[in-house]
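S.K.: Take this structure first; my questions come after.
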Amino acid sequence: MVRRGYDRDERRWRRLEDELRTVERLGFASYFLTVAQVVDDTRALGIRVTARGSGAGSFVNHLLGIAHADPVGQGLLMERFLSERRRALPDIDIDVESARRLDVYRAIFDRFGAARVATVAMPETYRVRHAVRAVGAALGMDPAEVDRIAKAFPHIRARDARAALAELPELRELRERGGPAVPRVAGWERRGGMGGEPVQNRFGATFWELVEALDGLPRGIAMHPCGVLLSDAGLRGRTPVVPTSGEGFAMSQFDKDDVEELGLLKLDVLGVRMQSAMAHAAREVERVTGRPLDLDDPAQVPPGDRATYELIRSAETLGCFQIESPGQRDLVGRLQPATFHDLVVDISLFRPGPVAADMVRPFIDARHGRTRPRYPHPDLEEALRETYGVVVFHEQVIEIISVMTGCGRDLADEARRALSDAGRRGRVRAWFHAGAAERGYRPEVVARTWEIVEAFGSYGFCKAHAVAFAVPTYQSAWLKAHHPAAFYAGLLTHDPGMYPKRLLLADARRRGVPILPLDVNRSDAAYRIELMSDGGVGLRMALCDVRGIGEAEAARIAAGRPYSSLQDLWLRARPGRAVAERLAEVGALDPFGGNRRDLLLRIAELHRGASSRGAGAHGGQLPLTEAAAAPAGLPDLDPAERLGAELDVLGMDVSRHLMRDHQAFLAELGVLPAGRLRAARNGETVLVAGAKVATQTPPIRSGRRVIFVTLDDGTGLADLAFFDDSHEACAHTVFHSWLLLVRGVAQRRGPRGTLTVVGSAAWNLGDLIDLRRTGGLAAVAAELAGPAGPAPDAAADRGRRAAGPAGAAASGDAEPAAASAGAAGAPGPGRRIQLSTGYEMHPWADLRPAGEGAATGRKLWHASPGSAG
């Protein structure tokens, strides 16, 4: 308290005493101190660490150094995290750098001992893609055919394979082919029934029946990505353990649900790629400038930095934590955050709860003065003043219940939690109405307040979560505003976001960051920044992105710099032939002289010379005469071949944007560049084109399925939405093409909202380019005039009925999606999943937020779980 300057603050002393009393009565003091020790050990290793989740609402956690933000100053409630009424054990989650998560695990095991610590198991079960591959292998099918079938599906349950085939337009081609040509499997025998007696079971099964039969069956067990059990020396007596592969950590054979049922305390150590990206950026700034950069130091990263908020308000937030998705870029453009609290609200609004309760539009209208704040009752003004009368946070729901019924916050939180249980919701409603009536509230006030509480309570967002998320959101935006080259170096090295690396590179190029090519004498294994002769800072491409290069190989090349010649590189760094050839193709060996085809020839000669001496690819000194090193006179790679090599070897278009080669053709067609989309009139029919960088199909409250697509054409991003009446014509092309041309209607919501194109027709741009080459512009015009979706008038009408830009990136990013699709009319025919809130969800919508899982790797676009291809 003294160190943080709180020792003369009476309000904080009272909060501390209340929290300590609760912790003492529940017997959790040792747990808090244990987590604090883990955090201290993590910081001692130089690893970024911070709390996330409801634990950020504990003042004790803040004072112990576990949580970054002050929960008292941010208005967070301890009861949302821990109270004497809560039956659930406390769960403190901490975020660490993903690249060093295992270092944190080692520190925990070293600190407390292997007998007291275990990681948590995670069963891996069959979903449709795994099941297709397993059945195909068992039946001896062609692996290439099996792979094609598996990749055609979105990431869904195996049991839904035939339903998806029947209902999803993007699987039309597979459906029309009739699926794999597999005969019925008959005559299989199984033995060993009850009591050991032989059992004959002769049956026939189609390919798809076998696939669906594997649904949910375990296919392996792995270490959970974040769960760590902390206990005393009796842990091994309460859970069986096995060593993990690789590290050999003791791993409980129970999964996360099992350990909670057993009452074991679990610490979630989440590896967050953005934390690694920011740590890498800070190290690069220190390496180049010589000045350490501590992102957690308010003296170095001031809380209200003007340039940072200008960047956020511009919606140029690609790569920034939590605010980079199409829907979030639209929301920050309309909300115009100016303070840390605004960021907290923005993150909280972008969730299904506020959308279901129709809270987003009223909040923005009230914030910008278009409407006056409205409160369900004057007694609720204090709880809702910070959000203009709109319920945004879980904590506000707790306050509303407490004020209206007169109960304590701990009981109010238990009532809020019960809202997610359909069986208990009716009892909570009766209790709420009775308590509010007893306190003298009018029936119409109670009914309106209950509607808000019910719609939002169990599906909203915890303010403590939002505060914890807003800290790295602000820090990442500050880095992008003040150290853009280092920011992109961190992003490209650790790949934390939802977009592919080639889009981040294009964004860096648009923001004026010089892109420095791959060079074996300058590139590291990771991305780095370099001071330019003009005083600017450039971004140097990294060896780690060369296809097929291993960590040891990249480290060897970086450690041996500089190299005087190709032979010097070959002998000292010992690259494999394939890696050396790829380095030559993308220009990393250009400093050695000769064109790239000459370099490829010389690499072949070095490999052949080493092999002929029986020394392997790297053995012995290889005399390379001047004659052998002289140019062979081969033609160099032309610009198109160089660009193709970059995409193949690096997965990125480094030297120039790939769409630059097609600008003349797109101009012939009248395509509107993404950089000029804002100038389009609302309701205008436009053509847009570009490389696909993301597809999402988030759940929306209307139960409809909407496909959101983001295209990059080098001038900016174009966000598109395809509603269900266009799917039959467009879905297959959208999911299974990379370069796209789309016709649609421009739609804008609000003066600052991003513009979205409501798509009505889509073509594979690569096919049109080939058609232009062989049949001329007339052939392309005829193709575009043909039936490729709903009539333009129908699309325009649908666009007018839509409530504006629909570009949410995930189920959590549902606000723009819900607003648009919800206004587009009632759900069409087909299956729907009935939610406890009364809303419906399309069965093929994403079931978890996009971008939270593994990095996109070498893929050229991001596809969320509900996206095929």
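Just so we're on the same page: first chain in the structure tokens is A, next is B, and so on; residues restart at 1 for each chain, and ligands are numbered from 1 in the order they show up.
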Would you list the contacts of stretch 711-728 of chain A as a PyMOL selection string, taking every protein, DNA or RNA residue within 6 Å and counting only C-alpha atoms, but skipping same-chain residues closer than 3 positions in sequence?

M.R.: chain A and resi 169+657+659+674-675+690-693+705-708+731+756-760+789

S.K.: Those selected residues, please, written with all heavy atoms and delivered as a short mmCIF file (atom, residue, chain, number, x, y, z; two decimals), in the first residue's frame.

M.R.:
data_model
loop_
_atom_site.label_atom_id
_atom_site.label_comp_id
_atom_site.auth_asym_id
_atom_site.auth_seq_id
_atom_site.Cartn_x
_atom_site.Cartn_y
_atom_site.Cartn_z
N PRO A 169 -23.60 -24.73 -48.96
CA PRO A 169 -23.36 -24.48 -50.39
C PRO A 169 -21.90 -24.66 -50.79
O PRO A 169 -21.62 -25.08 -51.92
CB PRO A 169 -23.80 -23.01 -50.56
CG PRO A 169 -24.71 -22.74 -49.42
CD PRO A 169 -24.21 -23.57 -48.29
N HIS A 657 3.42 -5.50 -53.70
CA HIS A 657 2.14 -6.14 -53.43
C HIS A 657 1.71 -6.95 -54.65
O HIS A 657 1.82 -6.49 -55.80
CB HIS A 657 1.08 -5.09 -53.09
CG HIS A 657 -0.13 -5.68 -52.43
ND1 HIS A 657 -1.12 -6.31 -53.15
CD2 HIS A 657 -0.50 -5.73 -51.13
CE1 HIS A 657 -2.06 -6.73 -52.30
NE2 HIS A 657 -1.71 -6.39 -51.07
N MET A 659 -1.09 -7.61 -55.89
CA MET A 659 -2.17 -7.07 -56.70
C MET A 659 -1.70 -5.98 -57.66
O MET A 659 -2.45 -5.58 -58.55
CB MET A 659 -3.28 -6.51 -55.79
CG MET A 659 -4.05 -7.56 -55.01
SD MET A 659 -4.90 -8.76 -56.06
CE MET A 659 -6.12 -7.70 -56.83
N ALA A 674 -9.74 -0.42 -52.66
CA ALA A 674 -10.17 -0.38 -51.26
C ALA A 674 -9.86 0.97 -50.63
O ALA A 674 -10.62 1.46 -49.78
CB ALA A 674 -9.49 -1.49 -50.47
N GLY A 675 -8.77 1.60 -51.03
CA GLY A 675 -8.41 2.89 -50.48
C GLY A 675 -9.40 3.99 -50.82
O GLY A 675 -9.39 5.06 -50.20
N GLY A 690 -9.37 -8.31 -54.63
CA GLY A 690 -8.18 -8.37 -53.80
C GLY A 690 -7.85 -9.78 -53.38
O GLY A 690 -8.54 -10.75 -53.76
N ALA A 691 -6.79 -9.89 -52.60
CA ALA A 691 -6.38 -11.18 -52.03
C ALA A 691 -7.13 -11.38 -50.73
O ALA A 691 -7.19 -10.49 -49.88
CB ALA A 691 -4.88 -11.19 -51.79
N LYS A 692 -7.71 -12.55 -50.56
CA LYS A 692 -8.48 -12.85 -49.36
C LYS A 692 -7.54 -12.96 -48.16
O LYS A 692 -6.54 -13.67 -48.21
CB LYS A 692 -9.25 -14.15 -49.57
CG LYS A 692 -10.15 -14.54 -48.41
CD LYS A 692 -11.02 -15.74 -48.78
CE LYS A 692 -10.20 -16.99 -49.02
NZ LYS A 692 -11.04 -18.15 -49.33
N VAL A 693 -7.88 -12.26 -47.08
CA VAL A 693 -7.06 -12.33 -45.88
C VAL A 693 -7.83 -12.90 -44.69
O VAL A 693 -7.23 -13.23 -43.67
CB VAL A 693 -6.47 -10.96 -45.51
CG1 VAL A 693 -5.48 -10.51 -46.55
CG2 VAL A 693 -7.55 -9.91 -45.32
N ARG A 705 -27.02 -17.32 -41.30
CA ARG A 705 -25.59 -17.51 -41.52
C ARG A 705 -25.10 -16.42 -42.47
O ARG A 705 -25.60 -16.29 -43.59
CB ARG A 705 -25.31 -18.89 -42.12
CG ARG A 705 -23.80 -19.19 -42.23
CD ARG A 705 -23.59 -20.58 -42.79
NE ARG A 705 -22.20 -20.99 -42.71
CZ ARG A 705 -21.50 -21.44 -43.75
NH1 ARG A 705 -22.07 -21.53 -44.94
NH2 ARG A 705 -20.25 -21.81 -43.62
N VAL A 706 -24.13 -15.66 -42.03
CA VAL A 706 -23.54 -14.60 -42.83
C VAL A 706 -22.05 -14.87 -42.94
O VAL A 706 -21.39 -15.17 -41.94
CB VAL A 706 -23.78 -13.21 -42.21
CG1 VAL A 706 -23.25 -12.12 -43.14
CG2 VAL A 706 -25.26 -12.99 -41.92
N ILE A 707 -21.52 -14.81 -44.16
CA ILE A 707 -20.09 -15.01 -44.40
C ILE A 707 -19.44 -13.64 -44.50
O ILE A 707 -19.82 -12.83 -45.35
CB ILE A 707 -19.85 -15.81 -45.69
CG1 ILE A 707 -20.56 -17.15 -45.65
CG2 ILE A 707 -18.35 -16.01 -45.92
CD1 ILE A 707 -20.58 -17.87 -46.99
N PHE A 708 -18.48 -13.38 -43.64
CA PHE A 708 -17.74 -12.13 -43.68
C PHE A 708 -16.36 -12.38 -44.28
O PHE A 708 -15.67 -13.33 -43.90
CB PHE A 708 -17.61 -11.54 -42.28
CG PHE A 708 -18.93 -11.22 -41.64
CD1 PHE A 708 -19.40 -11.98 -40.58
CD2 PHE A 708 -19.71 -10.20 -42.12
CE1 PHE A 708 -20.62 -11.69 -39.99
CE2 PHE A 708 -20.94 -9.91 -41.55
CZ PHE A 708 -21.40 -10.66 -40.49
N ALA A 731 -20.82 -19.06 -52.14
CA ALA A 731 -20.07 -19.61 -51.01
C ALA A 731 -18.87 -20.44 -51.46
O ALA A 731 -17.78 -20.31 -50.90
CB ALA A 731 -20.99 -20.45 -50.12
N THR A 756 -18.89 -1.38 -45.63
CA THR A 756 -18.94 -2.80 -45.95
C THR A 756 -19.64 -2.98 -47.29
O THR A 756 -20.60 -2.28 -47.58
CB THR A 756 -19.69 -3.58 -44.86
OG1 THR A 756 -18.96 -3.50 -43.65
CG2 THR A 756 -19.86 -5.04 -45.24
N VAL A 757 -19.15 -3.92 -48.08
CA VAL A 757 -19.79 -4.27 -49.34
C VAL A 757 -20.63 -5.52 -49.11
O VAL A 757 -20.11 -6.57 -48.72
CB VAL A 757 -18.75 -4.51 -50.45
CG1 VAL A 757 -19.44 -4.99 -51.74
CG2 VAL A 757 -17.96 -3.24 -50.72
N VAL A 758 -21.94 -5.41 -49.31
CA VAL A 758 -22.84 -6.56 -49.20
C VAL A 758 -22.80 -7.30 -50.52
O VAL A 758 -23.34 -6.85 -51.53
CB VAL A 758 -24.28 -6.10 -48.85
CG1 VAL A 758 -25.20 -7.30 -48.72
CG2 VAL A 758 -24.28 -5.30 -47.56
N GLY A 759 -22.12 -8.43 -50.54
CA GLY A 759 -21.82 -9.13 -51.79
C GLY A 759 -23.02 -9.83 -52.40
O GLY A 759 -23.85 -10.41 -51.69
N SER A 760 -23.10 -9.78 -53.73
CA SER A 760 -24.16 -10.49 -54.45
C SER A 760 -23.61 -11.47 -55.47
O SER A 760 -24.33 -12.36 -55.92
CB SER A 760 -25.08 -9.48 -55.16
OG SER A 760 -24.34 -8.69 -56.06
N GLY A 789 -25.24 -14.95 -59.11
CA GLY A 789 -25.79 -14.62 -57.81
C GLY A 789 -27.11 -13.91 -57.98
O GLY A 789 -27.68 -13.85 -59.07
#

S.K.: Pick out the residues sitting within 7 Å of stretch 478-495 of chain A, and hand them over as an MDAnalysis selection string; count only C-alpha atoms, and ignore anything fewer than 5 positions along from it in its own chain.

M.R.: chainID A and resid 273 276:278 280:281 284:285 307:308 311 501 508 513 526:529 537:539 855

S.K.: Suppose we keep N, CA, C and O atoms; can you now write the selection as a compact mmCIF listing (two decimals), in the first residue's frame?

M.R.:
# COMPACT_ATOMS: atom_id res chain seq x y z
N ARG A 273 0.52 -14.72 -27.49
CA ARG A 273 1.46 -14.32 -28.53
C ARG A 273 1.68 -12.80 -28.56
O ARG A 273 2.77 -12.33 -28.87
N SER A 276 4.40 -11.89 -26.28
CA SER A 276 5.70 -12.18 -26.88
C SER A 276 6.06 -11.14 -27.94
O SER A 276 7.21 -10.70 -28.03
N ALA A 277 5.07 -10.75 -28.73
CA ALA A 277 5.31 -9.75 -29.78
C ALA A 277 5.74 -8.42 -29.18
O ALA A 277 6.68 -7.77 -29.67
N MET A 278 5.06 -8.00 -28.11
CA MET A 278 5.42 -6.72 -27.49
C MET A 278 6.79 -6.80 -26.81
O MET A 278 7.56 -5.83 -26.85
N HIS A 280 9.29 -8.69 -27.79
CA HIS A 280 10.27 -8.67 -28.88
C HIS A 280 10.45 -7.24 -29.39
O HIS A 280 11.58 -6.79 -29.64
N ALA A 281 9.34 -6.51 -29.55
CA ALA A 281 9.42 -5.13 -30.02
C ALA A 281 10.23 -4.27 -29.06
O ALA A 281 11.07 -3.45 -29.48
N GLU A 284 13.88 -4.97 -29.38
CA GLU A 284 14.44 -4.40 -30.60
C GLU A 284 14.67 -2.90 -30.44
O GLU A 284 15.69 -2.37 -30.89
N VAL A 285 13.74 -2.20 -29.80
CA VAL A 285 13.92 -0.76 -29.57
C VAL A 285 15.16 -0.54 -28.70
O VAL A 285 15.99 0.34 -28.98
N ALA A 307 -1.11 10.50 -29.56
CA ALA A 307 -0.89 9.80 -30.83
C ALA A 307 -1.49 8.40 -30.81
O ALA A 307 -1.98 7.91 -31.83
N THR A 308 -1.46 7.76 -29.63
CA THR A 308 -2.02 6.41 -29.52
C THR A 308 -3.52 6.43 -29.76
O THR A 308 -4.06 5.60 -30.52
N LEU A 311 -4.44 7.05 -33.37
CA LEU A 311 -4.32 5.82 -34.16
C LEU A 311 -5.55 4.93 -33.96
O LEU A 311 -6.12 4.42 -34.92
N LYS A 501 0.61 -13.16 -42.21
CA LYS A 501 1.77 -12.28 -42.16
C LYS A 501 1.85 -11.36 -43.38
O LYS A 501 2.31 -10.21 -43.27
N ALA A 508 2.43 -2.61 -42.94
CA ALA A 508 3.67 -1.90 -42.63
C ALA A 508 4.09 -1.04 -43.82
O ALA A 508 4.51 0.13 -43.65
N VAL A 513 6.75 2.05 -43.40
CA VAL A 513 7.90 1.33 -42.84
C VAL A 513 8.66 0.67 -43.99
O VAL A 513 8.10 -0.14 -44.73
N ALA A 526 14.93 -14.23 -36.34
CA ALA A 526 13.68 -13.50 -36.12
C ALA A 526 13.74 -12.15 -36.84
O ALA A 526 14.81 -11.73 -37.32
N TYR A 527 12.59 -11.47 -36.89
CA TYR A 527 12.56 -10.15 -37.51
C TYR A 527 13.30 -9.15 -36.64
O TYR A 527 13.25 -9.20 -35.41
N ARG A 528 13.96 -8.19 -37.30
CA ARG A 528 14.70 -7.17 -36.58
C ARG A 528 14.49 -5.83 -37.26
O ARG A 528 13.97 -5.75 -38.37
N ILE A 529 14.87 -4.77 -36.56
CA ILE A 529 14.77 -3.44 -37.14
C ILE A 529 16.18 -2.91 -37.37
O ILE A 529 17.13 -3.30 -36.69
N VAL A 537 13.66 4.01 -39.70
CA VAL A 537 13.88 2.66 -39.17
C VAL A 537 13.19 1.67 -40.10
O VAL A 537 12.00 1.79 -40.39
N GLY A 538 13.96 0.69 -40.59
CA GLY A 538 13.43 -0.30 -41.51
C GLY A 538 13.18 -1.63 -40.84
O GLY A 538 13.71 -1.90 -39.74
N LEU A 539 12.41 -2.47 -41.50
CA LEU A 539 12.07 -3.80 -40.99
C LEU A 539 12.77 -4.84 -41.85
O LEU A 539 12.54 -4.93 -43.06
N ALA A 855 -1.50 -20.07 -34.47
CA ALA A 855 -1.20 -19.04 -35.45
C ALA A 855 -1.54 -19.53 -36.85
O ALA A 855 -1.65 -20.73 -37.10

S.K.: Which residue, A:Leu384, A:Met404, A:Leu26, A:Cys320, has the smallest gap to A:Arg86 when you use only C-alpha atoms?

M.R.: A:Leu26

S.K.: Please provide the set of residues having any atom within 9 Å of A:Arg52, restricted to only C-alpha atoms, with same-chain residues fewer than 5 positions apart removed, written as a short mmCIF file (atom, residue, chain, number, x, y, z; two decimals) with N, CA and C atoms, in the first residue's frame.

M.R.:
data_model
loop_
_atom_site.label_atom_id
_atom_site.label_comp_id
_atom_site.auth_asym_id
_atom_site.auth_seq_id
_atom_site.Cartn_x
_atom_site.Cartn_y
_atom_site.Cartn_z
N ALA A 67 -1.93 -8.47 -10.62
CA ALA A 67 -2.74 -7.74 -11.59
C ALA A 67 -2.14 -6.36 -11.82
N ILE A 92 -7.23 -17.88 -10.66
CA ILE A 92 -6.44 -16.74 -11.08
C ILE A 92 -5.71 -17.11 -12.37
N ASP A 93 -5.98 -16.37 -13.43
CA ASP A 93 -5.35 -16.62 -14.72
C ASP A 93 -4.27 -15.58 -14.95
N ILE A 94 -3.10 -16.02 -15.41
CA ILE A 94 -2.05 -15.06 -15.75
C ILE A 94 -1.63 -15.28 -17.19
N ASP A 95 -1.34 -14.16 -17.85
CA ASP A 95 -0.85 -14.18 -19.23
C ASP A 95 0.66 -14.01 -19.21
N ALA A 464 -13.72 -6.69 -15.26
CA ALA A 464 -12.34 -7.05 -14.91
C ALA A 464 -11.62 -7.67 -16.09
N HIS A 465 -12.31 -8.52 -16.85
CA HIS A 465 -11.72 -9.08 -18.07
C HIS A 465 -11.34 -7.95 -19.01
N ALA A 466 -12.28 -7.02 -19.22
CA ALA A 466 -12.05 -5.95 -20.18
C ALA A 466 -10.90 -5.05 -19.76
N VAL A 467 -10.81 -4.75 -18.46
CA VAL A 467 -9.71 -3.93 -17.97
C VAL A 467 -8.38 -4.65 -18.21
N ALA A 468 -8.34 -5.94 -17.90
CA ALA A 468 -7.11 -6.71 -18.12
C ALA A 468 -6.74 -6.74 -19.60
N PHE A 469 -7.73 -6.86 -20.49
CA PHE A 469 -7.46 -6.87 -21.93
C PHE A 469 -7.07 -5.48 -22.44
#

S.K.: Using atom CA of A:Thr695 and atom CA of A:Thr710 as the two end points, give the distance in Å to one decimal.

M.R.: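 Here the two named atoms are 6.7 Å from each other.
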
S.K.: Could you check how far atom CA of A:Val228 sits from atom CA of A:Ser245, in Å to one decimal?

M.R.: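 So the answer is 16.1 Å.
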
S.K.: Measuring between only C-alpha atoms, which one of A:Gly460, A:Gly644, A:Gly536, A:Gly435 shows the shortest distance to A:Val392?

M.R.: A:Gly460
